[in-house]
Every structure is written in C-alpha cells, then in structure tokens.
file structure.cif (mmCIF, C-alpha atoms and all ligand atoms)
data_my_file
loop_
_atom_site.group_PDB
_atom_site.id
_atom_site.type_symbol
_atom_site.label_atom_id
_atom_site.label_comp_id
_atom_site.auth_asym_id
_atom_site.auth_seq_id
_atom_site.Cartn_x
_atom_site.Cartn_y
_atom_site.Cartn_z
ATOM 1 C CA MET A 1 51.576 -64.451 55.914
ATOM 2 C CA SER A 2 52.774 -60.875 56.143
ATOM 3 C CA TYR A 3 54.107 -59.078 53.131
ATOM 4 C CA ILE A 4 57.221 -57.936 54.958
ATOM 5 C CA GLU A 5 58.197 -59.070 58.406
ATOM 6 C CA LEU A 6 60.977 -58.098 60.779
ATOM 7 C CA ARG A 7 61.756 -60.715 63.408
ATOM 8 C CA ASN A 8 63.857 -59.799 66.431
ATOM 9 C CA ILE A 9 66.111 -57.465 64.507
ATOM 10 C CA SER A 10 69.176 -56.144 66.277
ATOM 11 C CA TYR A 11 71.917 -54.387 64.414
ATOM 12 C CA LYS A 12 75.256 -52.734 65.041
ATOM 13 C CA TYR A 13 77.248 -50.788 62.421
ATOM 14 C CA PRO A 14 80.899 -51.842 62.160
ATOM 15 C CA LEU A 15 81.957 -48.698 64.010
ATOM 16 C CA SER A 16 79.103 -48.194 66.464
ATOM 17 C CA LYS A 17 79.672 -49.298 70.036
ATOM 18 C CA ALA A 18 76.174 -50.431 70.943
ATOM 19 C CA ASN A 19 73.288 -51.815 68.916
ATOM 20 C CA VAL A 20 71.549 -49.151 66.840
ATOM 21 C CA LEU A 21 68.421 -51.280 66.349
ATOM 22 C CA LYS A 22 67.312 -53.318 69.325
ATOM 23 C CA ASN A 23 65.118 -56.352 69.015
ATOM 24 C CA ILE A 24 62.597 -54.943 66.546
ATOM 25 C CA SER A 25 59.757 -57.123 65.325
ATOM 26 C CA TYR A 26 56.890 -55.983 63.098
ATOM 27 C CA SER A 27 54.604 -57.230 60.351
ATOM 28 C CA PHE A 28 53.856 -55.013 57.364
ATOM 29 C CA GLU A 29 50.923 -55.520 55.012
ATOM 30 C CA LYS A 30 50.893 -54.855 51.304
ATOM 31 C CA GLY A 31 49.495 -51.498 50.193
ATOM 32 C CA ASN A 32 49.804 -49.742 53.542
ATOM 33 C CA LEU A 33 51.688 -46.581 54.299
ATOM 34 C CA TYR A 34 53.854 -46.846 57.422
ATOM 35 C CA GLY A 35 54.998 -43.668 59.115
ATOM 36 C CA ILE A 36 58.331 -44.044 60.911
ATOM 37 C CA ILE A 37 58.922 -41.366 63.517
ATOM 38 C CA GLY A 38 61.403 -40.682 66.290
ATOM 39 C CA SER A 39 63.849 -38.070 67.473
ATOM 40 C CA ASN A 40 67.235 -37.491 65.807
ATOM 41 C CA ASN A 41 69.613 -40.457 65.853
ATOM 42 C CA SER A 42 66.882 -42.825 67.039
ATOM 43 C CA GLY A 43 67.544 -45.265 64.170
ATOM 44 C CA LYS A 44 64.954 -44.327 61.509
ATOM 45 C CA THR A 45 67.402 -44.212 58.600
ATOM 46 C CA THR A 46 69.033 -47.404 59.837
ATOM 47 C CA LEU A 47 65.633 -49.089 59.711
ATOM 48 C CA CYS A 48 65.225 -47.837 56.122
ATOM 49 C CA ASN A 49 68.664 -49.224 55.228
ATOM 50 C CA LEU A 50 67.609 -52.546 56.660
ATOM 51 C CA ILE A 51 64.330 -52.737 54.742
ATOM 52 C CA LYS A 52 66.083 -51.783 51.503
ATOM 53 C CA GLY A 53 68.614 -54.548 52.138
ATOM 54 C CA LEU A 54 71.600 -52.184 52.420
ATOM 55 C CA ILE A 55 72.045 -53.775 55.842
ATOM 56 C CA PRO A 56 74.002 -55.965 56.009
ATOM 57 C CA GLU A 57 74.970 -56.119 52.298
ATOM 58 C CA PHE A 58 76.433 -52.649 52.003
ATOM 59 C CA TYR A 59 76.999 -51.433 55.549
ATOM 60 C CA GLU A 60 78.111 -54.822 56.914
ATOM 61 C CA GLY A 61 78.167 -54.799 60.734
ATOM 62 C CA GLU A 62 76.394 -57.336 62.918
ATOM 63 C CA LEU A 63 72.789 -58.205 62.113
ATOM 64 C CA TYR A 64 70.696 -60.529 64.248
ATOM 65 C CA GLY A 65 67.176 -61.697 63.478
ATOM 66 C CA GLU A 66 65.421 -62.045 60.152
ATOM 67 C CA VAL A 67 63.863 -59.908 57.443
ATOM 68 C CA LEU A 68 61.231 -61.840 55.511
ATOM 69 C CA ILE A 69 59.578 -60.710 52.291
ATOM 70 C CA GLU A 70 56.530 -62.769 51.370
ATOM 71 C CA GLY A 71 57.685 -65.270 53.968
ATOM 72 C CA LYS A 72 61.135 -65.745 52.466
ATOM 73 C CA ASP A 73 64.345 -64.559 54.123
ATOM 74 C CA VAL A 74 65.819 -61.637 52.145
ATOM 75 C CA ARG A 75 69.149 -63.421 52.057
ATOM 76 C CA LYS A 76 67.460 -66.076 49.916
ATOM 77 C CA TRP A 77 65.915 -63.667 47.413
ATOM 78 C CA ASP A 78 67.556 -63.038 44.069
ATOM 79 C CA SER A 79 69.272 -59.690 44.619
ATOM 80 C CA ASN A 80 68.165 -58.400 41.185
ATOM 81 C CA ILE A 81 64.518 -59.029 42.009
ATOM 82 C CA LEU A 82 64.903 -57.280 45.355
ATOM 83 C CA ALA A 83 66.669 -54.337 43.760
ATOM 84 C CA THR A 84 63.814 -53.796 41.325
ATOM 85 C CA SER A 85 61.030 -54.278 43.879
ATOM 86 C CA ILE A 86 62.244 -51.758 46.436
ATOM 87 C CA GLY A 87 62.868 -48.094 45.664
ATOM 88 C CA TYR A 88 64.772 -45.987 48.178
ATOM 89 C CA ILE A 89 64.667 -42.231 48.388
ATOM 90 C CA PHE A 90 67.613 -41.210 50.543
ATOM 91 C CA GLN A 91 67.440 -38.684 53.338
ATOM 92 C CA ASN A 92 70.210 -36.702 51.672
ATOM 93 C CA PRO A 93 69.191 -35.874 48.077
ATOM 94 C CA PHE A 94 72.826 -35.111 47.296
ATOM 95 C CA SER A 95 73.729 -38.778 47.650
ATOM 96 C CA GLN A 96 71.007 -39.780 45.195
ATOM 97 C CA ILE A 97 72.154 -37.729 42.210
ATOM 98 C CA SER A 98 74.585 -39.790 40.147
ATOM 99 C CA GLY A 99 76.838 -36.911 39.127
ATOM 100 C CA ILE A 100 77.468 -38.536 35.743
ATOM 101 C CA LYS A 101 74.558 -37.137 33.724
ATOM 102 C CA GLU A 102 74.353 -33.708 32.188
ATOM 103 C CA THR A 103 70.621 -33.110 32.319
ATOM 104 C CA VAL A 104 67.869 -33.837 34.781
ATOM 105 C CA PHE A 105 66.060 -35.736 32.015
ATOM 106 C CA GLU A 106 69.017 -38.117 31.580
ATOM 107 C CA GLU A 107 69.415 -38.393 35.344
ATOM 108 C CA ILE A 108 65.834 -39.591 35.761
ATOM 109 C CA ALA A 109 66.306 -41.993 32.836
ATOM 110 C CA LEU A 110 69.450 -43.534 34.338
ATOM 111 C CA GLY A 111 67.796 -46.137 36.553
ATOM 112 C CA LEU A 112 65.546 -47.241 33.691
ATOM 113 C CA GLU A 113 68.533 -47.574 31.360
ATOM 114 C CA ASN A 114 70.210 -49.796 33.918
ATOM 115 C CA LEU A 115 67.145 -52.043 33.837
ATOM 116 C CA GLY A 116 67.605 -52.439 30.097
ATOM 117 C CA ILE A 117 64.251 -50.869 29.195
ATOM 118 C CA LYS A 118 63.766 -49.788 25.560
ATOM 119 C CA GLU A 119 64.541 -46.194 24.752
ATOM 120 C CA ASP A 120 61.021 -45.266 23.583
ATOM 121 C CA GLU A 121 59.513 -46.495 26.813
ATOM 122 C CA ILE A 122 62.165 -44.748 28.889
ATOM 123 C CA ILE A 123 61.379 -41.443 27.193
ATOM 124 C CA ASP A 124 57.640 -41.885 27.787
ATOM 125 C CA ARG A 125 58.119 -42.764 31.442
ATOM 126 C CA VAL A 126 60.503 -39.905 32.114
ATOM 127 C CA ILE A 127 58.139 -37.417 30.465
ATOM 128 C CA ASP A 128 55.240 -38.723 32.581
ATOM 129 C CA VAL A 129 57.208 -38.427 35.804
ATOM 130 C CA ILE A 130 58.476 -34.958 34.965
ATOM 131 C CA LYS A 131 54.887 -33.834 34.445
ATOM 132 C CA LEU A 132 53.696 -35.592 37.603
ATOM 133 C CA LEU A 133 56.360 -33.891 39.695
ATOM 134 C CA ASN A 134 55.892 -30.562 38.027
ATOM 135 C CA ILE A 135 59.580 -30.180 37.152
ATOM 136 C CA THR A 136 59.392 -29.501 33.403
ATOM 137 C CA ASP A 137 61.439 -26.359 33.982
ATOM 138 C CA LEU A 138 64.294 -28.467 35.391
ATOM 139 C CA ALA A 139 64.425 -31.107 32.633
ATOM 140 C CA LYS A 140 67.295 -29.545 30.707
ATOM 141 C CA LYS A 141 69.279 -28.322 33.702
ATOM 142 C CA ASN A 142 72.476 -29.866 34.976
ATOM 143 C CA PRO A 143 71.664 -31.992 38.058
ATOM 144 C CA ASN A 144 74.858 -30.803 39.746
ATOM 145 C CA GLU A 145 73.667 -27.208 39.633
ATOM 146 C CA LEU A 146 70.342 -27.625 41.403
ATOM 147 C CA SER A 147 69.283 -26.274 44.775
ATOM 148 C CA GLY A 148 68.587 -28.675 47.635
ATOM 149 C CA GLY A 149 64.840 -28.557 47.055
ATOM 150 C CA GLN A 150 65.232 -29.105 43.304
ATOM 151 C CA ARG A 151 67.547 -32.057 43.936
ATOM 152 C CA GLN A 152 65.029 -33.504 46.313
ATOM 153 C CA ARG A 153 62.334 -33.404 43.619
ATOM 154 C CA VAL A 154 64.667 -34.904 41.011
ATOM 155 C CA ALA A 155 65.752 -37.681 43.407
ATOM 156 C CA PHE A 156 62.088 -38.375 44.064
ATOM 157 C CA ALA A 157 61.315 -38.391 40.335
ATOM 158 C CA SER A 158 64.120 -40.882 39.629
ATOM 159 C CA ILE A 159 62.586 -43.363 42.043
ATOM 160 C CA VAL A 160 58.972 -42.797 40.984
ATOM 161 C CA ALA A 161 60.058 -43.527 37.389
ATOM 162 C CA MET A 162 61.229 -46.982 38.475
ATOM 163 C CA ASN A 163 57.685 -47.957 39.488
ATOM 164 C CA ASN A 164 58.800 -50.220 42.366
ATOM 165 C CA ASP A 165 56.196 -52.066 44.454
ATOM 166 C CA ILE A 166 57.802 -51.032 47.718
ATOM 167 C CA LEU A 167 59.035 -47.533 48.476
ATOM 168 C CA VAL A 168 61.281 -46.515 51.337
ATOM 169 C CA ILE A 169 61.193 -42.740 51.621
ATOM 170 C CA ASP A 170 63.436 -41.015 54.148
ATOM 171 C CA GLU A 171 62.454 -37.402 54.912
ATOM 172 C CA PRO A 172 61.449 -36.479 51.353
ATOM 173 C CA THR A 173 60.514 -32.895 52.127
ATOM 174 C CA SER A 174 63.343 -31.745 54.396
ATOM 175 C CA GLN A 175 64.562 -29.221 51.785
ATOM 176 C CA LEU A 176 61.143 -28.117 50.557
ATOM 177 C CA ASP A 177 58.899 -25.194 51.378
ATOM 178 C CA PRO A 178 55.279 -25.789 52.487
ATOM 179 C CA GLN A 179 53.928 -25.754 48.922
ATOM 180 C CA GLY A 180 56.623 -28.162 47.702
ATOM 181 C CA THR A 181 55.906 -30.393 50.679
ATOM 182 C CA ILE A 182 52.193 -30.565 49.846
ATOM 183 C CA GLU A 183 53.024 -31.471 46.232
ATOM 184 C CA ILE A 184 55.287 -34.341 47.312
ATOM 185 C CA PHE A 185 52.652 -35.648 49.720
ATOM 186 C CA ASP A 186 50.023 -35.538 46.975
ATOM 187 C CA ILE A 187 52.276 -37.783 44.926
ATOM 188 C CA ILE A 188 52.989 -40.110 47.839
ATOM 189 C CA ASN A 189 49.230 -40.406 48.256
ATOM 190 C CA LYS A 190 48.840 -41.230 44.556
ATOM 191 C CA LEU A 191 51.501 -43.930 44.871
ATOM 192 C CA LYS A 192 49.623 -45.362 47.819
ATOM 193 C CA GLN A 193 46.417 -45.415 45.784
ATOM 194 C CA GLN A 194 48.290 -47.393 43.137
ATOM 195 C CA GLY A 195 48.767 -50.080 45.802
ATOM 196 C CA LYS A 196 52.399 -49.434 46.655
ATOM 197 C CA THR A 197 53.662 -50.335 50.097
ATOM 198 C CA ILE A 198 55.339 -47.285 51.554
ATOM 199 C CA PHE A 199 57.725 -46.696 54.448
ATOM 200 C CA LEU A 200 57.939 -43.026 55.182
ATOM 201 C CA VAL A 201 60.210 -41.223 57.621
ATOM 202 C CA GLU A 202 58.912 -37.705 58.184
ATOM 203 C CA HIS A 203 59.192 -35.170 60.984
ATOM 204 C CA LYS A 204 56.143 -33.195 59.800
ATOM 205 C CA ILE A 205 53.752 -34.974 62.090
ATOM 206 C CA ASP A 206 50.542 -33.393 60.730
ATOM 207 C CA LEU A 207 51.287 -35.056 57.405
ATOM 208 C CA ILE A 208 51.934 -38.427 59.025
ATOM 209 C CA ALA A 209 48.571 -38.004 60.795
ATOM 210 C CA GLU A 210 46.873 -37.436 57.482
ATOM 211 C CA TYR A 211 48.487 -40.080 55.302
ATOM 212 C CA ALA A 212 49.863 -42.980 57.383
ATOM 213 C CA ASP A 213 47.841 -46.139 58.025
ATOM 214 C CA GLU A 214 50.114 -47.166 60.872
ATOM 215 C CA VAL A 215 52.911 -45.505 62.781
ATOM 216 C CA LEU A 216 56.096 -46.900 64.296
ATOM 217 C CA VAL A 217 57.803 -44.863 66.998
ATOM 218 C CA ILE A 218 61.523 -45.542 67.326
ATOM 219 C CA ASP A 219 63.423 -44.357 70.367
ATOM 220 C CA GLU A 220 67.107 -45.138 70.855
ATOM 221 C CA GLY A 221 66.832 -48.062 68.473
ATOM 222 C CA GLU A 222 63.808 -49.606 70.134
ATOM 223 C CA LEU A 223 60.298 -49.829 68.761
ATOM 224 C CA LYS A 224 58.353 -48.135 71.566
ATOM 225 C CA HIS A 225 54.889 -47.554 70.093
ATOM 226 C CA TRP A 226 53.240 -49.047 67.050
ATOM 227 C CA GLY A 227 49.800 -49.426 65.523
ATOM 228 C CA LYS A 228 46.956 -47.436 63.993
ATOM 229 C CA THR A 229 47.883 -43.829 63.337
ATOM 230 C CA ASN A 230 44.976 -42.299 65.264
ATOM 231 C CA GLU A 231 45.875 -44.259 68.399
ATOM 232 C CA ILE A 232 49.611 -43.669 68.297
ATOM 233 C CA LEU A 233 49.457 -39.955 67.507
ATOM 234 C CA ALA A 234 47.016 -39.327 70.342
ATOM 235 C CA ASN A 235 49.543 -40.547 72.889
ATOM 236 C CA LYS A 236 51.172 -37.811 74.978
ATOM 237 C CA ASP A 237 54.106 -40.140 75.725
ATOM 238 C CA LEU A 238 55.437 -39.093 72.343
ATOM 239 C CA LEU A 239 56.157 -35.619 73.703
ATOM 240 C CA ASN A 240 58.608 -37.184 76.185
ATOM 241 C CA ARG A 241 60.372 -38.877 73.295
ATOM 242 C CA GLY A 242 61.041 -35.612 71.485
ATOM 243 C CA ILE A 243 58.163 -36.042 69.028
ATOM 244 C CA ASN A 244 55.419 -33.487 68.491
ATOM 245 C CA LEU A 245 51.784 -34.442 68.395
ATOM 246 C CA PRO A 246 49.693 -33.232 65.455
ATOM 247 C CA GLN A 247 48.195 -29.775 66.071
ATOM 248 C CA VAL A 248 44.729 -31.277 65.979
ATOM 249 C CA ALA A 249 45.656 -33.978 68.534
ATOM 250 C CA LEU A 250 46.803 -31.202 70.889
ATOM 251 C CA LEU A 251 43.455 -29.478 70.322
ATOM 252 C CA SER A 252 41.633 -32.734 71.104
ATOM 253 C CA HIS A 253 43.571 -32.993 74.369
ATOM 254 C CA GLU A 254 42.727 -29.372 75.203
ATOM 255 C CA MET A 255 39.045 -30.126 74.648
ATOM 256 C CA GLU A 256 39.353 -32.995 77.137
ATOM 257 C CA ASN A 257 41.099 -30.708 79.621
ATOM 258 C CA ILE A 258 38.123 -28.328 79.611
ATOM 259 C CA ASN A 259 35.678 -31.228 79.891
ATOM 260 C CA GLU A 260 34.374 -30.756 76.375
ATOM 261 C CA PRO A 261 35.955 -33.804 74.698
ATOM 262 C CA PHE A 262 35.221 -34.571 71.064
ATOM 263 C CA ASP A 263 33.048 -37.684 70.628
ATOM 264 C CA GLN A 264 35.978 -39.118 68.752
ATOM 265 C CA PHE A 265 39.539 -38.054 69.375
ATOM 266 C CA ALA A 266 40.606 -36.141 66.243
ATOM 267 C CA ILE A 267 44.136 -36.034 64.842
ATOM 268 C CA THR A 268 43.490 -34.520 61.404
ATOM 269 C CA LYS A 269 41.799 -31.301 60.336
ATOM 270 C CA ALA A 270 39.093 -33.222 58.501
ATOM 271 C CA GLU A 271 38.216 -35.198 61.652
ATOM 272 C CA ALA A 272 38.178 -32.067 63.791
ATOM 273 C CA LYS A 273 35.939 -30.227 61.319
ATOM 274 C CA LYS A 274 33.445 -33.082 61.432
ATOM 275 C CA GLN A 275 33.356 -33.010 65.229
ATOM 276 C CA ILE A 276 32.943 -29.250 65.364
ATOM 277 C CA ALA A 277 30.213 -29.237 62.717
ATOM 278 C CA LYS A 278 28.381 -31.961 64.637
ATOM 279 C CA ARG A 279 28.445 -29.945 67.823
ATOM 280 C CA TRP A 280 27.042 -26.877 66.116
ATOM 281 C CA GLY A 281 24.565 -28.819 64.027
HETATM 282 N N1 LIG B 301 77.349 -45.670 59.040
HETATM 283 C C1 LIG B 301 77.255 -45.588 60.367
HETATM 284 N N2 LIG B 301 78.244 -46.086 61.177
HETATM 285 C C2 LIG B 301 78.161 -46.007 62.520
HETATM 286 N N3 LIG B 301 77.115 -45.474 63.179
HETATM 287 C C3 LIG B 301 76.116 -44.961 62.443
HETATM 288 C C4 LIG B 301 76.140 -44.984 61.006
HETATM 289 N N4 LIG B 301 74.995 -44.395 60.555
HETATM 290 C C5 LIG B 301 74.315 -44.028 61.651
HETATM 291 N N5 LIG B 301 74.958 -44.366 62.783
HETATM 292 C C6 LIG B 301 74.515 -44.146 64.179
HETATM 293 O O1 LIG B 301 73.332 -44.905 64.376
HETATM 294 C C7 LIG B 301 72.371 -44.181 65.157
HETATM 295 C C8 LIG B 301 71.060 -44.074 64.376
HETATM 296 O O2 LIG B 301 71.289 -43.275 63.238
HETATM 297 P P1 LIG B 301 70.171 -43.026 62.130
HETATM 298 O O3 LIG B 301 70.813 -42.274 61.044
HETATM 299 O O4 LIG B 301 69.536 -44.328 61.792
HETATM 300 O O5 LIG B 301 69.143 -42.123 62.955
HETATM 301 P P2 LIG B 301 67.891 -41.278 62.419
HETATM 302 O O6 LIG B 301 66.760 -41.590 63.337
HETATM 303 O O7 LIG B 301 67.677 -41.507 60.971
HETATM 304 O O8 LIG B 301 68.368 -39.775 62.698
HETATM 305 P P3 LIG B 301 67.968 -38.399 61.918
HETATM 306 O O9 LIG B 301 66.621 -37.984 62.434
HETATM 307 O O10 LIG B 301 69.033 -37.453 62.334
HETATM 308 O O11 LIG B 301 67.973 -38.681 60.449
HETATM 309 C C9 LIG B 301 73.017 -42.846 65.479
HETATM 310 O O12 LIG B 301 73.581 -42.912 66.767
HETATM 311 C C10 LIG B 301 74.095 -42.700 64.420
HETATM 312 O O13 LIG B 301 75.176 -41.963 64.924
HETATM 313 MG MG MG B 302 67.708 -40.297 59.330
#
call {"tool": "encode", "arguments": {"input": "structure.cif", "output": "structure tokens"}}
result
Amino acid sequence: MSYIELRNISYKYPLSKANVLKNISYSFEKGNLYGIIGSNNSGKTTLCNLIKGLIPEFYEGELYGEVLIEGKDVRKWDSNILATSIGYIFQNPFSQISGIKETVFEEIALGLENLGIKEDEIIDRVIDVIKLLNITDLAKKNPNELSGGQRQRVAFASIVAMNNDILVIDEPTSQLDPQGTIEIFDIINKLKQQGKTIFLVEHKIDLIAEYADEVLVIDEGELKHWGKTNEILANKDLLNRGINLPQVALLSHEMENINEPFDQFAITKAEAKKQIAKRWG
C-alpha cells in the first residue's frame, strides 16, 4: 500500500472553464522528497492544494477521482488528524502570516498554541526553530513589517515548528537570494533526513536535481513525466515544456554531442565531478 495515492484526479475550480488537473494518478512513498515542476499556470499549486486537502474543502469546485492516505480516502479521515499531519508552506508568504501577532516569536508560536500545546514546550520549540532558521534577529520584529524574504523564512519557520509528517512546500525560495536559498534547502534536507515526506514545487532545477528522489512534470494540468530524478531531468523534452534542465545535465548532453559521453549521465555537480575525476585518474 502506498503512503499517499492519487487515483484519476481531475479538478476544476468553480470559476475555471476547463479542468486544471487532468486525470492524474501517482503513488507516493513515505520519506521521499517529490519535486513538482512545470511552467507557469501548469497546475503545480493546484496539486499542492489537493494534497493538503484544501481541494475540495476550501476551494470547492468539481473533483473527480480519489486521494488516499495510507489506503483510506481523505474524505474519511478525521479532519483534525489530517490538519496536524500535513504542513503547507504557501507560494505567497504574505498569505501565511496571520497579521494578528505583534512579534515573529508569537507568530511562529501561533500554530502550536492552536494545537493546545503547553506554554513551556511552545517556547522551547519556537526557540529551536528560530535557531535552525537563523532568524534570531527577527524574533522581536513585527511580522507585518518584514521584507518578502524575511516573511518567507518566518512562514517556513511556522510550519517547521509544527513538526508535521508530511510537508507541502510551494516555491519556498522565490523571494530569497542565493545564500538564503541554500539555507532553506539545507533545512529541507534535514527534514527529509528526519523521515518527513515532502512535496516541493521549485523552479530552481539544479536544487531539484540535488535533493529530489522523484520528479513529477506537470504540463497544462497533465502529468507528463514522472519517476527517478536522474532519468526525468536528463530528458530534453522538458525544454519544450518551458522547463530548464540542470546545468550539469546540459553538460552531460554536450559531452554526448562531442562523442565523449560520461559513463553515467550526470545531473548534479557531485556526479559530474566523479565522472571527470575518473577520466583523469
Ligand atoms: N482559485 C482559482 N480559481 C480559478 N482558477 C484558478 C484558481 N487558482 C488557479 N487557477 C487557474 O488554474 C491553473 C493552474 O494554476 P496553478 O496556480 O495551480 O499553477 P502553477 O503551476 O502553480 O503556476 P505558477 O508557476 O505561476 O505558480 C491556471 O490556469 C490558473 O489560472
Ligand atoms: Mg504556483
């Protein structure tokens, strides 16, 4: 039995004319990191909304097919259990900040308060997360006065504090500079090592190459390519779908073009280094 399974999912928002997701089926295993990629408006965020259960509960519309978690239809799960098992980091960090708390510290504590956790434990967890995300300097600031990048870190911290088993993360680094992006990916990697199951939408394809176990390519609401990261991100078809290949995958293709292919097609820097060292060794 799969951990999470989508069966023949089609979905239309109340106001959209055509289906936004079209007959998507996939099985997800516990502890894996799934990269979700596709051009703008292809349906990535909609897929996140579906996995989080916001579709159809919140967005309504017409949903066909089934979402199963541990074999059981999500509609049959206790909604409180679902809410605490799945954390969702929204694409727009502005929609994540509650607007009702006066400090970042209180903002991060909010979700834990709602769970009814004891104050001492809340304080410990918030302090841990603030250290982990390297945002001690923001703790006393007003969340409504943060920059986009700062909000993105705080939104991320709020979800990490909840310690959910499943994380749906929609473009977590869109407002961050390269250094901030690396820091967030280090944390995502730590969460993966803790055994979390992660759905990650990200346009920075080199990072998907490095961290994802499997990749799903969405194009106009259809699942067009899926499977092991190193197979999917080697495929030049992606370029026709408005998706870049990792820099190293392009290099691997160039090596093939000059009849000097790597023994193994590389998509990450580490793989390429190994191949190059081998050739010189
Ligand atoms: N609430 C909504 N009501 C109606 N249509 C919507 C709604 N949200 C999104 N859509 C439409 O559904 C399609 C998929 O949108 P979605 O936001 O899932 O794409 P995306 O792949 O996340 O895009 P991006 O890369 O820009 O974030 C788009 O055509 C969009 O206009
Ligand atoms: Mg989106």
call {"tool": "resolve_selection", "arguments": {"input": "structure.cif", "expression": "the PyMOL selection byres (((chain A and resi 221-236) around 9) and not hetatm)", "output": "ChimeraX atom specification"}}
result
/A:10,19-26,34-35,41-44,46-47,205,208-220,237-240,244-246,249-250,252-253,265-268
call {"tool": "axis_aligned_box", "arguments": {"input": "structure.cif", "around": "ligand LIG 301 (chain B)", "padding_each_side": "8 Å", "output": "lines of an AutoDock Vina configuration file"}}
result
center_x = 72.4
center_y = -41.8
center_z = 62.9
size_x = 27.6
size_y = 24.6
size_z = 23.7
call {"tool": "residues_near_ligand", "arguments": {"input": "structure.cif", "ligand": "ligand MG 302 (chain B)", "cutoff": "10 Å", "atoms": "all atoms listed in the file", "output": "count of residues only"}}
result
20
call {"tool": "resolve_selection", "arguments": {"input": "structure.cif", "expression": "the PyMOL selection byres (((chain A and resi 182) around 12) and not hetatm)", "output": "list in words"}}
result
Leu133, Pro172, Thr173, Leu176, Asp177, Pro178, Gln179, Gly180, Thr181, Glu183, Ile184, Phe185, Asp186, Ile187, Ile188, Asn189, Lys204, Asp206, Leu207, Glu210 and Tyr211 of chain A
call {"tool": "closest_residue", "arguments": {"input": "structure.cif", "among": "A:Val129, A:Leu251, A:Ile166, A:Leu6", "to": "A:Leu82", "atoms": "only C-alpha atoms"}}
result
A:Ile166
call {"tool": "residues_around", "arguments": {"input": "structure.cif", "residues": "A:Ile123", "least_positions_apart": "4", "cutoff": "12 Å", "atoms": "only C-alpha atoms", "output": "number ranges by chain"}}
result
A: 105-110, 112-113, 117-119, 127-130, 161
call {"tool": "closest_residue", "arguments": {"input": "structure.cif", "among": "A:Ile122, A:Leu200, A:Glu29, A:Thr103", "to": "A:Lys140", "atoms": "all atoms listed in the file"}}
result
A:Thr103
call {"tool": "resolve_selection", "arguments": {"input": "structure.cif", "expression": "the PyMOL selection byres (((chain A and resi 55) around 12) and not hetatm)", "output": "MDAnalysis selection string"}}
result
chainID A and resid 9:14 20:21 45:54 56:64 66:67 74:75
call {"tool": "write_last_selection", "arguments": {"input": "structure.cif", "atoms": "C-alpha atoms", "output": "PDB file, in the coordinates of the input"}}
result
ATOM      1  CA  ILE A   9      66.111 -57.465  64.507  1.00  0.00           C
ATOM      2  CA  SER A  10      69.176 -56.144  66.277  1.00  0.00           C
ATOM      3  CA  TYR A  11      71.917 -54.387  64.414  1.00  0.00           C
ATOM      4  CA  LYS A  12      75.256 -52.734  65.041  1.00  0.00           C
ATOM      5  CA  TYR A  13      77.248 -50.788  62.421  1.00  0.00           C
ATOM      6  CA  PRO A  14      80.899 -51.842  62.160  1.00  0.00           C
ATOM      7  CA  VAL A  20      71.549 -49.151  66.840  1.00  0.00           C
ATOM      8  CA  LEU A  21      68.421 -51.280  66.349  1.00  0.00           C
ATOM      9  CA  THR A  45      67.402 -44.212  58.600  1.00  0.00           C
ATOM     10  CA  THR A  46      69.033 -47.404  59.837  1.00  0.00           C
ATOM     11  CA  LEU A  47      65.633 -49.089  59.711  1.00  0.00           C
ATOM     12  CA  CYS A  48      65.225 -47.837  56.122  1.00  0.00           C
ATOM     13  CA  ASN A  49      68.664 -49.224  55.228  1.00  0.00           C
ATOM     14  CA  LEU A  50      67.609 -52.546  56.660  1.00  0.00           C
ATOM     15  CA  ILE A  51      64.330 -52.737  54.742  1.00  0.00           C
ATOM     16  CA  LYS A  52      66.083 -51.783  51.503  1.00  0.00           C
ATOM     17  CA  GLY A  53      68.614 -54.548  52.138  1.00  0.00           C
ATOM     18  CA  LEU A  54      71.600 -52.184  52.420  1.00  0.00           C
ATOM     19  CA  PRO A  56      74.002 -55.965  56.009  1.00  0.00           C
ATOM     20  CA  GLU A  57      74.970 -56.119  52.298  1.00  0.00           C
ATOM     21  CA  PHE A  58      76.433 -52.649  52.003  1.00  0.00           C
ATOM     22  CA  TYR A  59      76.999 -51.433  55.549  1.00  0.00           C
ATOM     23  CA  GLU A  60      78.111 -54.822  56.914  1.00  0.00           C
ATOM     24  CA  GLY A  61      78.167 -54.799  60.734  1.00  0.00           C
ATOM     25  CA  GLU A  62      76.394 -57.336  62.918  1.00  0.00           C
ATOM     26  CA  LEU A  63      72.789 -58.205  62.113  1.00  0.00           C
ATOM     27  CA  TYR A  64      70.696 -60.529  64.248  1.00  0.00           C
ATOM     28  CA  GLU A  66      65.421 -62.045  60.152  1.00  0.00           C
ATOM     29  CA  VAL A  67      63.863 -59.908  57.443  1.00  0.00           C
ATOM     30  CA  VAL A  74      65.819 -61.637  52.145  1.00  0.00           C
ATOM     31  CA  ARG A  75      69.149 -63.421  52.057  1.00  0.00           C
TER      32      ARG A  75
END
call {"tool": "residues_around", "arguments": {"input": "structure.cif", "residues": "A:Ser95", "least_positions_apart": "3", "cutoff": "12 Å", "atoms": "all atoms listed in the file", "output": "PyMOL selection string"}}
result
chain A and resi 88-92+98-99+143-144+148+151-152+154-155
call {"tool": "atom_distance", "arguments": {"input": "structure.cif", "atom1": "atom CA of A:Asp78", "atom2": "atom CA of A:Gly195"}}
result
22.9 Å
call {"tool": "closest_residue", "arguments": {"input": "structure.cif", "among": "A:Gly111, A:Met1, A:Ala18, A:Asn164", "to": "A:Ile81", "atoms": "only C-alpha atoms"}}
result
A:Asn164
call {"tool": "atom_distance", "arguments": {"input": "structure.cif", "atom1": "atom CA of A:Gln275", "atom2": "atom CA of A:Asp263"}}
result
7.1 Å
call {"tool": "atom_distance", "arguments": {"input": "structure.cif", "atom1": "atom CA of A:Ile243", "atom2": "atom O8 of ligand LIG 301 (chain B)"}}
result
12.6 Å
call {"tool": "closest_residue", "arguments": {"input": "structure.cif", "among": "A:Leu191, A:Asn114, A:Ser158, A:Ser16", "to": "ligand LIG 301 (chain B)", "atoms": "only C-alpha atoms and all ligand atoms"}}
result
A:Ser16
call {"tool": "closest_residue", "arguments": {"input": "structure.cif", "among": "A:Lys273, A:Gly242, A:Leu138, A:Gly116", "to": "ligand LIG 301 (chain B)", "atoms": "all atoms listed in the file"}}
result
A:Gly242
call {"tool": "closest_residue", "arguments": {"input": "structure.cif", "among": "A:Ile36, A:Glu5, A:Pro261, A:Glu102", "to": "ligand LIG 301 (chain B)", "atoms": "all atoms listed in the file"}}
result
A:Ile36
